[in-house]
file upload-v6.cif (mmCIF, C-alpha atoms)
data_upload
#
loop_
_atom_site.label_atom_id
_atom_site.label_comp_id
_atom_site.auth_asym_id
_atom_site.auth_seq_id
_atom_site.Cartn_x
_atom_site.Cartn_y
_atom_site.Cartn_z
CA MET P 185 -5.59 1.41 43.43
CA LEU P 186 -7.40 0.24 40.32
CA LYS P 187 -8.33 -3.40 40.67
CA ALA P 188 -10.42 -5.92 38.76
CA THR P 189 -10.22 -9.51 37.67
CA GLY P 190 -11.97 -11.89 35.30
CA VAL P 191 -12.24 -12.42 31.54
CA ALA P 192 -12.42 -9.47 29.15
CA VAL P 193 -13.45 -9.54 25.50
CA VAL P 194 -12.10 -6.60 23.49
CA THR P 195 -13.58 -6.37 20.00
CA GLY P 196 -11.30 -4.89 17.39
CA GLY P 197 -8.46 -5.47 19.82
CA SER P 198 -5.65 -6.13 17.37
CA ARG P 199 -4.59 -2.51 16.85
CA GLY P 200 -4.98 1.11 17.90
CA ILE P 201 -7.29 1.86 20.80
CA GLY P 202 -8.39 -1.79 21.05
CA ALA P 203 -4.82 -3.04 21.47
CA ALA P 204 -4.15 -0.43 24.16
CA ILE P 205 -7.36 -1.44 25.98
CA ALA P 206 -6.38 -5.13 25.86
CA LYS P 207 -3.06 -4.33 27.56
CA SER P 208 -4.72 -2.09 30.15
CA ALA P 209 -7.23 -4.83 30.95
CA ALA P 210 -4.38 -7.29 31.45
CA LYS P 211 -2.80 -4.91 33.98
CA LEU P 212 -6.09 -5.07 35.89
CA ASP P 213 -5.64 -8.87 36.04
CA TYR P 214 -8.14 -9.70 33.31
CA GLU P 215 -7.56 -12.63 31.01
CA VAL P 216 -8.06 -11.13 27.56
CA ALA P 217 -9.72 -12.28 24.35
CA ILE P 218 -9.56 -10.20 21.19
CA ASN P 219 -11.07 -10.77 17.78
CA TYR P 220 -9.63 -10.03 14.37
CA ARG P 221 -11.01 -10.31 10.86
CA VAL P 222 -7.86 -10.69 8.75
CA ARG P 223 -4.65 -9.50 10.45
CA ASP P 224 -3.73 -12.45 12.66
CA ASP P 225 -0.15 -11.12 12.85
CA LYS P 226 -1.27 -7.93 14.61
CA ALA P 227 -3.63 -9.89 16.86
CA ASN P 228 -0.83 -12.24 17.87
CA GLU P 229 1.37 -9.26 18.76
CA VAL P 230 -1.29 -8.13 21.23
CA VAL P 231 -1.59 -11.66 22.63
CA ALA P 232 2.18 -11.70 23.18
CA ALA P 233 2.05 -8.33 24.94
CA VAL P 234 -0.73 -9.47 27.26
CA THR P 235 1.11 -12.71 27.99
CA ALA P 236 4.23 -10.70 28.85
CA ILE P 237 2.17 -8.82 31.45
CA GLY P 238 1.40 -12.20 33.02
CA ARG P 239 -2.16 -12.86 31.92
CA ARG P 240 -3.61 -15.41 29.53
CA ALA P 241 -4.78 -14.17 26.15
CA VAL P 242 -6.32 -15.52 22.98
CA ALA P 243 -6.93 -14.09 19.51
CA ILE P 244 -10.01 -15.43 17.69
CA GLN P 245 -10.89 -14.86 14.05
CA ALA P 246 -14.39 -13.41 13.95
CA ASP P 247 -16.25 -10.65 12.16
CA VAL P 248 -18.39 -9.03 14.86
CA ALA P 249 -20.70 -7.59 12.20
CA ASN P 250 -21.77 -11.21 11.59
CA GLU P 251 -24.09 -12.71 14.22
CA ALA P 252 -22.88 -16.29 13.74
CA ASP P 253 -19.27 -15.17 14.19
CA VAL P 254 -20.18 -13.36 17.42
CA VAL P 255 -21.84 -16.46 18.83
CA ARG P 256 -18.79 -18.53 17.92
CA LEU P 257 -16.44 -15.92 19.41
CA PHE P 258 -18.09 -16.05 22.82
CA GLN P 259 -18.32 -19.83 22.76
CA GLN P 260 -14.59 -20.04 22.11
CA VAL P 261 -13.91 -17.60 24.93
CA ASP P 262 -16.00 -19.83 27.22
CA GLU P 263 -13.88 -22.82 26.22
CA THR P 264 -10.46 -21.18 26.40
CA LEU P 265 -10.61 -18.54 29.14
CA GLY P 266 -13.95 -18.98 30.91
CA ARG P 267 -17.09 -16.93 31.39
CA VAL P 268 -16.75 -13.31 30.29
CA THR P 269 -17.01 -10.61 32.97
CA ALA P 270 -16.05 -7.58 30.88
CA LEU P 271 -16.88 -6.59 27.32
CA ILE P 272 -15.37 -3.64 25.49
CA ASN P 273 -17.25 -2.94 22.27
CA ASN P 274 -14.40 -1.22 20.45
CA ALA P 275 -14.75 -2.52 16.87
CA GLY P 276 -16.01 0.10 14.46
CA VAL P 277 -15.46 1.73 11.10
CA MET P 278 -14.96 5.26 9.83
CA PRO P 279 -16.75 5.30 6.47
CA PRO P 280 -15.72 7.46 3.51
CA GLU P 281 -16.91 11.05 3.70
CA SER P 282 -20.25 11.69 2.02
CA ARG P 283 -22.97 14.31 2.06
CA VAL P 284 -26.42 13.14 3.09
CA ASP P 285 -27.78 14.05 -0.36
CA GLU P 286 -25.26 11.64 -1.87
CA MET P 287 -26.12 8.76 0.46
CA SER P 288 -27.95 5.51 -0.26
CA ALA P 289 -29.34 2.88 2.06
CA GLU P 290 -26.93 0.36 0.57
CA LYS P 291 -23.92 2.50 1.54
CA LEU P 292 -25.16 2.69 5.12
CA GLN P 293 -25.59 -1.04 5.75
CA ASP P 294 -21.97 -1.89 6.55
CA LEU P 295 -21.72 1.15 8.82
CA TRP P 296 -24.82 0.19 10.82
CA ARG P 297 -23.75 -3.45 11.08
CA MET P 298 -20.28 -2.63 12.40
CA ASN P 299 -20.93 0.43 14.55
CA ILE P 300 -24.34 -0.46 15.97
CA THR P 301 -25.48 -4.05 15.38
CA SER P 302 -22.16 -5.55 16.47
CA ALA P 303 -22.41 -3.81 19.85
CA PHE P 304 -25.99 -5.06 20.32
CA ILE P 305 -25.14 -8.68 19.50
CA CYS P 306 -21.88 -8.77 21.45
CA SER P 307 -23.66 -7.22 24.43
CA ARG P 308 -26.43 -9.81 24.12
CA GLU P 309 -23.90 -12.63 24.40
CA ALA P 310 -22.13 -10.90 27.29
CA VAL P 311 -25.35 -10.26 29.23
CA ARG P 312 -26.33 -13.92 28.84
CA ARG P 313 -23.11 -14.78 30.65
CA MET P 314 -22.75 -11.88 33.12
CA SER P 315 -26.31 -11.29 34.29
CA GLN P 316 -27.29 -12.56 37.71
CA LYS P 317 -30.64 -13.33 36.09
CA HIS P 318 -28.80 -15.91 33.98
CA GLY P 319 -26.65 -17.25 36.84
CA GLY P 320 -23.69 -14.96 36.18
CA ALA P 321 -21.63 -13.01 38.67
CA GLY P 322 -22.18 -9.60 37.08
CA GLY P 323 -19.77 -7.63 34.96
CA VAL P 324 -18.95 -4.49 33.03
CA ILE P 325 -19.62 -3.36 29.45
CA VAL P 326 -17.82 -0.36 27.96
CA ASN P 327 -18.77 0.92 24.52
CA ILE P 328 -16.23 2.94 22.55
CA SER P 329 -18.25 5.72 20.99
CA SER P 330 -17.11 9.13 19.75
CA LEU P 331 -17.47 12.82 20.53
CA ALA P 332 -19.12 12.97 17.11
CA GLY P 333 -22.14 11.23 18.63
CA ARG P 334 -22.93 14.43 20.53
CA ARG P 335 -21.44 17.12 18.29
CA GLY P 336 -22.77 15.73 14.99
CA GLY P 337 -19.39 15.06 13.44
CA ARG P 338 -17.44 17.10 10.94
CA GLU P 339 -18.74 18.07 7.53
CA ARG P 340 -19.68 15.06 5.39
CA ARG P 341 -19.67 12.73 8.41
CA ALA P 342 -23.30 12.88 9.54
CA HIS P 343 -23.66 9.14 8.92
CA TYR P 344 -20.74 8.32 11.23
CA ALA P 345 -22.04 10.71 13.89
CA ALA P 346 -25.49 9.12 13.66
CA SER P 347 -24.04 5.67 14.26
CA LYS P 348 -22.22 6.89 17.38
CA ALA P 349 -25.26 8.78 18.66
CA ALA P 350 -27.17 5.49 18.37
CA LEU P 351 -24.41 3.75 20.35
CA ASN P 352 -24.72 6.40 23.07
CA GLY P 353 -28.46 5.83 23.31
CA PHE P 354 -27.91 2.08 23.42
CA THR P 355 -25.40 2.53 26.26
CA VAL P 356 -27.86 4.36 28.48
CA GLY P 357 -30.75 2.08 27.58
CA LEU P 358 -28.81 -1.12 28.27
CA ALA P 359 -27.44 0.32 31.51
CA ASN P 360 -30.98 0.91 32.76
CA GLU P 361 -32.05 -2.56 31.65
CA VAL P 362 -29.35 -4.58 33.44
CA VAL P 363 -28.29 -2.40 36.39
CA ARG P 364 -30.16 -4.63 38.86
CA GLU P 365 -28.58 -7.74 37.37
CA GLY P 366 -25.05 -6.85 38.44
CA ILE P 367 -23.92 -5.27 35.16
CA ARG P 368 -22.59 -1.74 34.70
CA VAL P 369 -22.67 -0.22 31.19
CA ASN P 370 -20.84 2.96 30.19
CA ALA P 371 -19.35 4.53 27.09
CA VAL P 372 -16.10 6.33 26.36
CA CYS P 373 -16.32 9.02 23.68
CA PRO P 374 -12.93 10.01 22.28
CA GLY P 375 -12.37 13.12 20.25
CA VAL P 376 -9.50 13.24 17.74
CA THR P 377 -7.21 10.31 18.57
CA ASP P 378 -3.83 9.57 17.02
CA THR P 379 -4.22 6.05 15.61
CA ASP P 380 -4.09 4.47 12.16
CA PHE P 381 -7.91 4.73 12.11
CA HIS P 382 -7.29 8.03 10.30
CA ALA P 383 -4.82 6.62 7.77
CA PRO P 384 -7.24 6.71 4.79
CA TYR P 385 -8.25 10.30 5.59
CA GLY P 386 -4.98 12.20 5.84
CA GLY P 387 -3.22 10.12 8.48
CA SER P 388 -0.90 11.57 11.08
CA GLU P 389 -0.64 14.94 9.35
CA ARG P 390 -4.39 15.45 9.60
CA VAL P 391 -4.43 14.27 13.21
CA GLN P 392 -1.68 16.73 14.15
CA ARG P 393 -3.48 19.57 12.38
CA LEU P 394 -6.75 18.84 14.16
CA GLY P 395 -4.95 18.26 17.44
CA ALA P 396 -3.57 21.79 17.38
CA THR P 397 -7.14 23.13 17.45
CA ILE P 398 -8.05 21.25 20.65
CA PRO P 399 -7.90 23.27 23.90
CA ILE P 400 -5.37 20.90 25.47
CA GLY P 401 -3.15 21.36 22.42
CA ARG P 402 -2.87 17.82 21.05
CA ALA P 403 -4.81 14.81 19.88
CA ALA P 404 -5.50 12.00 22.33
CA THR P 405 -3.35 8.88 22.30
CA ALA P 406 -4.69 5.35 22.36
CA ASP P 407 -3.43 5.09 25.94
CA ASP P 408 -5.42 8.18 26.97
CA VAL P 409 -8.56 6.34 25.91
CA ALA P 410 -7.46 2.97 27.31
CA ASN P 411 -6.69 4.48 30.72
CA THR P 412 -10.23 5.83 30.92
CA VAL P 413 -11.64 2.44 29.99
CA ALA P 414 -9.46 0.82 32.66
CA PHE P 415 -10.96 3.11 35.29
CA LEU P 416 -14.49 2.17 34.22
CA LEU P 417 -13.59 -1.52 34.38
CA SER P 418 -12.11 -1.17 37.84
CA ASN P 419 -13.53 -1.39 41.34
CA GLN P 420 -13.17 2.39 41.72
CA ALA P 421 -15.97 2.90 39.19
CA SER P 422 -18.35 0.52 40.97
CA TYR P 423 -21.06 3.20 41.34
CA LEU P 424 -20.91 4.42 37.74
CA THR P 425 -23.33 3.20 35.12
CA GLY P 426 -25.16 4.77 32.19
CA ILE P 427 -22.60 7.53 31.70
CA LEU P 428 -20.80 8.84 28.61
CA VAL P 429 -17.19 9.87 29.36
CA GLU P 430 -15.71 12.25 26.82
CA VAL P 431 -11.95 11.97 26.30
CA ALA P 432 -11.68 15.07 24.19
CA GLY P 433 -9.04 17.40 25.61
CA GLY P 434 -11.48 20.17 26.49
CA LEU P 435 -13.64 20.20 23.34
CA ILE P 436 -17.22 21.05 24.22
#
call {"tool": "encode", "arguments": {"input": "upload-v6.cif", "output": "structure tokens"}}
result
Amino acid sequence: MLKATGVAVVTGGSRGIGAAIAKSAAKLDYEVAINYRVRDDKANEVVAAVTAIGRRAVAIQADVANEADVVRLFQQVDETLGRVTALINNAGVMPPESRVDEMSAEKLQDLWRMNITSAFICSREAVRRMSQKHGGAGGVIVNISSLAGRRGGRERRAHYAASKAALNGFTVGLANEVVREGIRVNAVCPGVTDTDFHAPYGGSERVQRLGATIPIGRAATADDVANTVAFLLSNQASYLTGILVEVAGGLI
């Protein structure tokens, strides 16, 4: 039986994979905090769903690409739910397609801040609270990466793939750094997943077309990813750290 308890922070938890993870964490008996940038209505829907499961939840306005917002987010979690014991770095962006020879440093800044820097800074705040070195009781960090981090992404998405490859390297490096402080760090790497993340790039039609090319015959759902995260958060994964779990339906 999967079992855990404590306080979980799910970044980007107001929709898609993040919302599914928030609900899965609640079923493991976590109190849940999510952040949102603009859509408080969607965030409040997730809070209501977690509350219906029987756990406390809070939605906090914060842009995790902004260091001051991250610090404030964790302080508010301390005040409302208590000391964090699980962090799921789910927030991220899929930038517009672009060839490398069309790229500029300026275009890359938002991508790096959201897909890489946010995970570093959120993890910093979590480690300061979880680490036995800092008086914490330990905890779990799960980074939501992408199969693109290993495969290099599709054409005109090298920049996105690079950001996820960096997140994979960060996962393993952080895992090695804090393993003796009671913290496990892993990453989940979805392949094509049917969420509104793809809306600007062809939406459901594109997802279904790509899903048909996957060995298992369909795209992943948000719950497929969330169920994997739930396992990594649970007591049954207590010996797992520094691993990258691909939820990709047989793509290699």
call {"tool": "resolve_selection", "arguments": {"input": "upload-v6.cif", "expression": "the PyMOL selection byres ((chain P and resi 423) around 12)", "output": "PyMOL selection string"}}
result
chain P and resi 324+363+366-370+415-422+424-427
call {"tool": "resolve_selection", "arguments": {"input": "upload-v6.cif", "expression": "the PyMOL selection byres ((chain P and resi 265-282) around 6)", "output": "MDAnalysis selection string"}}
result
chainID P and resid 190:196 261:262 264 283 298:299 303 314 323:328 340:341
call {"tool": "write_last_selection", "arguments": {"input": "upload-v6.cif", "atoms": "C-alpha atoms", "output": "CSV table (one decimal), in the coordinates of the input"}}
result
chain,number,residue,atom,x,y,z
P,190,GLY,CA,-12.0,-11.9,35.3
P,191,VAL,CA,-12.2,-12.4,31.5
P,192,ALA,CA,-12.4,-9.5,29.2
P,193,VAL,CA,-13.4,-9.5,25.5
P,194,VAL,CA,-12.1,-6.6,23.5
P,195,THR,CA,-13.6,-6.4,20.0
P,196,GLY,CA,-11.3,-4.9,17.4
P,261,VAL,CA,-13.9,-17.6,24.9
P,262,ASP,CA,-16.0,-19.8,27.2
P,264,THR,CA,-10.5,-21.2,26.4
P,283,ARG,CA,-23.0,14.3,2.1
P,298,MET,CA,-20.3,-2.6,12.4
P,299,ASN,CA,-20.9,0.4,14.6
P,303,ALA,CA,-22.4,-3.8,19.8
P,314,MET,CA,-22.8,-11.9,33.1
P,323,GLY,CA,-19.8,-7.6,35.0
P,324,VAL,CA,-19.0,-4.5,33.0
P,325,ILE,CA,-19.6,-3.4,29.4
P,326,VAL,CA,-17.8,-0.4,28.0
P,327,ASN,CA,-18.8,0.9,24.5
P,328,ILE,CA,-16.2,2.9,22.6
P,340,ARG,CA,-19.7,15.1,5.4
P,341,ARG,CA,-19.7,12.7,8.4
call {"tool": "closest_residue", "arguments": {"input": "upload-v6.cif", "among": "P:Ile201, P:Ala332, P:Val248, P:Val413", "to": "Val372 in chain P", "atoms": "only C-alpha atoms"}}
result
P:Val413
call {"tool": "residues_near_point", "arguments": {"input": "upload-v6.cif", "point": "(-8.2, -0.9, 18.3)", "cutoff": "12 Å", "atoms": "all atoms listed in the file", "output": "number ranges by chain"}}
result
P: 194-207, 218-220, 226-227, 230, 272-277, 328, 377-381, 405-407, 409-410
call {"tool": "resolve_selection", "arguments": {"input": "upload-v6.cif", "expression": "the PyMOL selection byres ((chain P and resi 346) around 10)", "output": "CSV table (one decimal) with C-alpha atoms, in the frame of the given file"}}
result
chain,number,residue,atom,x,y,z
P,296,TRP,CA,-24.8,0.2,10.8
P,299,ASN,CA,-20.9,0.4,14.6
P,300,ILE,CA,-24.3,-0.5,16.0
P,332,ALA,CA,-19.1,13.0,17.1
P,333,GLY,CA,-22.1,11.2,18.6
P,334,ARG,CA,-22.9,14.4,20.5
P,336,GLY,CA,-22.8,15.7,15.0
P,337,GLY,CA,-19.4,15.1,13.4
P,341,ARG,CA,-19.7,12.7,8.4
P,342,ALA,CA,-23.3,12.9,9.5
P,343,HIS,CA,-23.7,9.1,8.9
P,344,TYR,CA,-20.7,8.3,11.2
P,345,ALA,CA,-22.0,10.7,13.9
P,347,SER,CA,-24.0,5.7,14.3
P,348,LYS,CA,-22.2,6.9,17.4
P,349,ALA,CA,-25.3,8.8,18.7
P,350,ALA,CA,-27.2,5.5,18.4
P,351,LEU,CA,-24.4,3.8,20.4
P,352,ASN,CA,-24.7,6.4,23.1
call {"tool": "closest_residue", "arguments": {"input": "upload-v6.cif", "among": "P:Arg239, P:Arg390, P:Arg335, P:Arg364", "to": "Leu435 in chain P", "atoms": "only C-alpha atoms"}}
result
P:Arg335
call {"tool": "axis_aligned_box", "arguments": {"input": "upload-v6.cif", "around": "range 242-251 of chain P", "padding_each_side": "6 Å", "output": "JSON"}}
result
{"center_x": -15.2, "center_y": -11.6, "center_z": 17.3, "size_x": 29.8, "size_y": 19.9, "size_z": 23.4}
call {"tool": "residues_around", "arguments": {"input": "upload-v6.cif", "residues": "range 395-402 of chain P", "least_positions_apart": "4", "cutoff": "7 Å", "atoms": "all atoms listed in the file", "output": "JSON, numbers by chain"}}
result
{"P": [376, 391, 433, 434, 435]}
call {"tool": "decode", "arguments": {"input": "upload-v6.cif", "residues": "range 392-420 of chain P", "atoms": "N, CA and C atoms", "output": "short mmCIF file (atom, residue, chain, number, x, y, z; two decimals), in the first residue's frame"}}
result
data_model
loop_
_atom_site.label_atom_id
_atom_site.label_comp_id
_atom_site.auth_asym_id
_atom_site.auth_seq_id
_atom_site.Cartn_x
_atom_site.Cartn_y
_atom_site.Cartn_z
N GLN P 392 -3.13 13.42 -30.29
CA GLN P 392 -3.66 12.13 -30.76
C GLN P 392 -2.82 11.58 -31.92
N ARG P 393 -2.38 12.46 -32.80
CA ARG P 393 -1.56 12.02 -33.93
C ARG P 393 -0.23 11.47 -33.44
N LEU P 394 0.41 12.17 -32.51
CA LEU P 394 1.67 11.68 -31.97
C LEU P 394 1.47 10.43 -31.13
N GLY P 395 0.36 10.39 -30.40
CA GLY P 395 0.08 9.23 -29.57
C GLY P 395 -0.02 7.95 -30.35
N ALA P 396 -0.53 8.04 -31.57
CA ALA P 396 -0.68 6.85 -32.41
C ALA P 396 0.66 6.26 -32.82
N THR P 397 1.73 7.05 -32.73
CA THR P 397 3.06 6.57 -33.11
C THR P 397 3.81 5.93 -31.94
N ILE P 398 3.26 5.99 -30.75
CA ILE P 398 3.90 5.46 -29.55
C ILE P 398 3.62 3.96 -29.46
N PRO P 399 4.58 3.14 -29.07
CA PRO P 399 4.36 1.69 -29.02
C PRO P 399 3.11 1.26 -28.26
N ILE P 400 2.78 1.93 -27.17
CA ILE P 400 1.61 1.53 -26.41
C ILE P 400 0.31 1.96 -27.08
N GLY P 401 0.40 2.85 -28.07
CA GLY P 401 -0.75 3.19 -28.89
C GLY P 401 -1.52 4.42 -28.49
N ARG P 402 -1.03 5.17 -27.51
CA ARG P 402 -1.73 6.39 -27.08
C ARG P 402 -0.77 7.30 -26.35
N ALA P 403 -1.18 8.55 -26.22
CA ALA P 403 -0.44 9.49 -25.38
C ALA P 403 -0.70 9.18 -23.91
N ALA P 404 0.19 9.61 -23.05
CA ALA P 404 -0.03 9.49 -21.61
C ALA P 404 -1.13 10.45 -21.18
N THR P 405 -1.76 10.15 -20.06
CA THR P 405 -2.68 11.09 -19.42
C THR P 405 -1.96 11.75 -18.25
N ALA P 406 -2.54 12.82 -17.75
CA ALA P 406 -1.96 13.47 -16.57
C ALA P 406 -1.92 12.52 -15.39
N ASP P 407 -2.92 11.65 -15.29
CA ASP P 407 -2.95 10.68 -14.18
C ASP P 407 -1.85 9.63 -14.32
N ASP P 408 -1.49 9.25 -15.55
CA ASP P 408 -0.38 8.32 -15.73
C ASP P 408 0.89 8.88 -15.09
N VAL P 409 1.13 10.17 -15.31
CA VAL P 409 2.31 10.81 -14.75
C VAL P 409 2.16 10.97 -13.24
N ALA P 410 1.00 11.42 -12.80
CA ALA P 410 0.77 11.65 -11.37
C ALA P 410 0.89 10.36 -10.56
N ASN P 411 0.44 9.24 -11.11
CA ASN P 411 0.55 7.97 -10.40
C ASN P 411 2.00 7.57 -10.19
N THR P 412 2.85 7.88 -11.17
CA THR P 412 4.27 7.60 -11.03
C THR P 412 4.90 8.48 -9.96
N VAL P 413 4.52 9.74 -9.96
CA VAL P 413 5.00 10.66 -8.92
C VAL P 413 4.56 10.17 -7.54
N ALA P 414 3.31 9.74 -7.44
CA ALA P 414 2.81 9.25 -6.15
C ALA P 414 3.65 8.09 -5.63
N PHE P 415 4.03 7.19 -6.52
CA PHE P 415 4.89 6.08 -6.09
C PHE P 415 6.21 6.60 -5.54
N LEU P 416 6.82 7.56 -6.23
CA LEU P 416 8.11 8.09 -5.78
C LEU P 416 7.99 8.85 -4.47
N LEU P 417 6.83 9.42 -4.20
CA LEU P 417 6.61 10.11 -2.93
C LEU P 417 6.37 9.13 -1.78
N SER P 418 5.98 7.92 -2.11
CA SER P 418 5.50 6.99 -1.10
C SER P 418 6.61 6.23 -0.40
N ASN P 419 6.21 5.53 0.66
CA ASN P 419 7.15 4.70 1.43
C ASN P 419 7.71 3.55 0.59
N GLN P 420 6.99 3.13 -0.44
CA GLN P 420 7.46 2.00 -1.24
C GLN P 420 8.66 2.36 -2.12
#
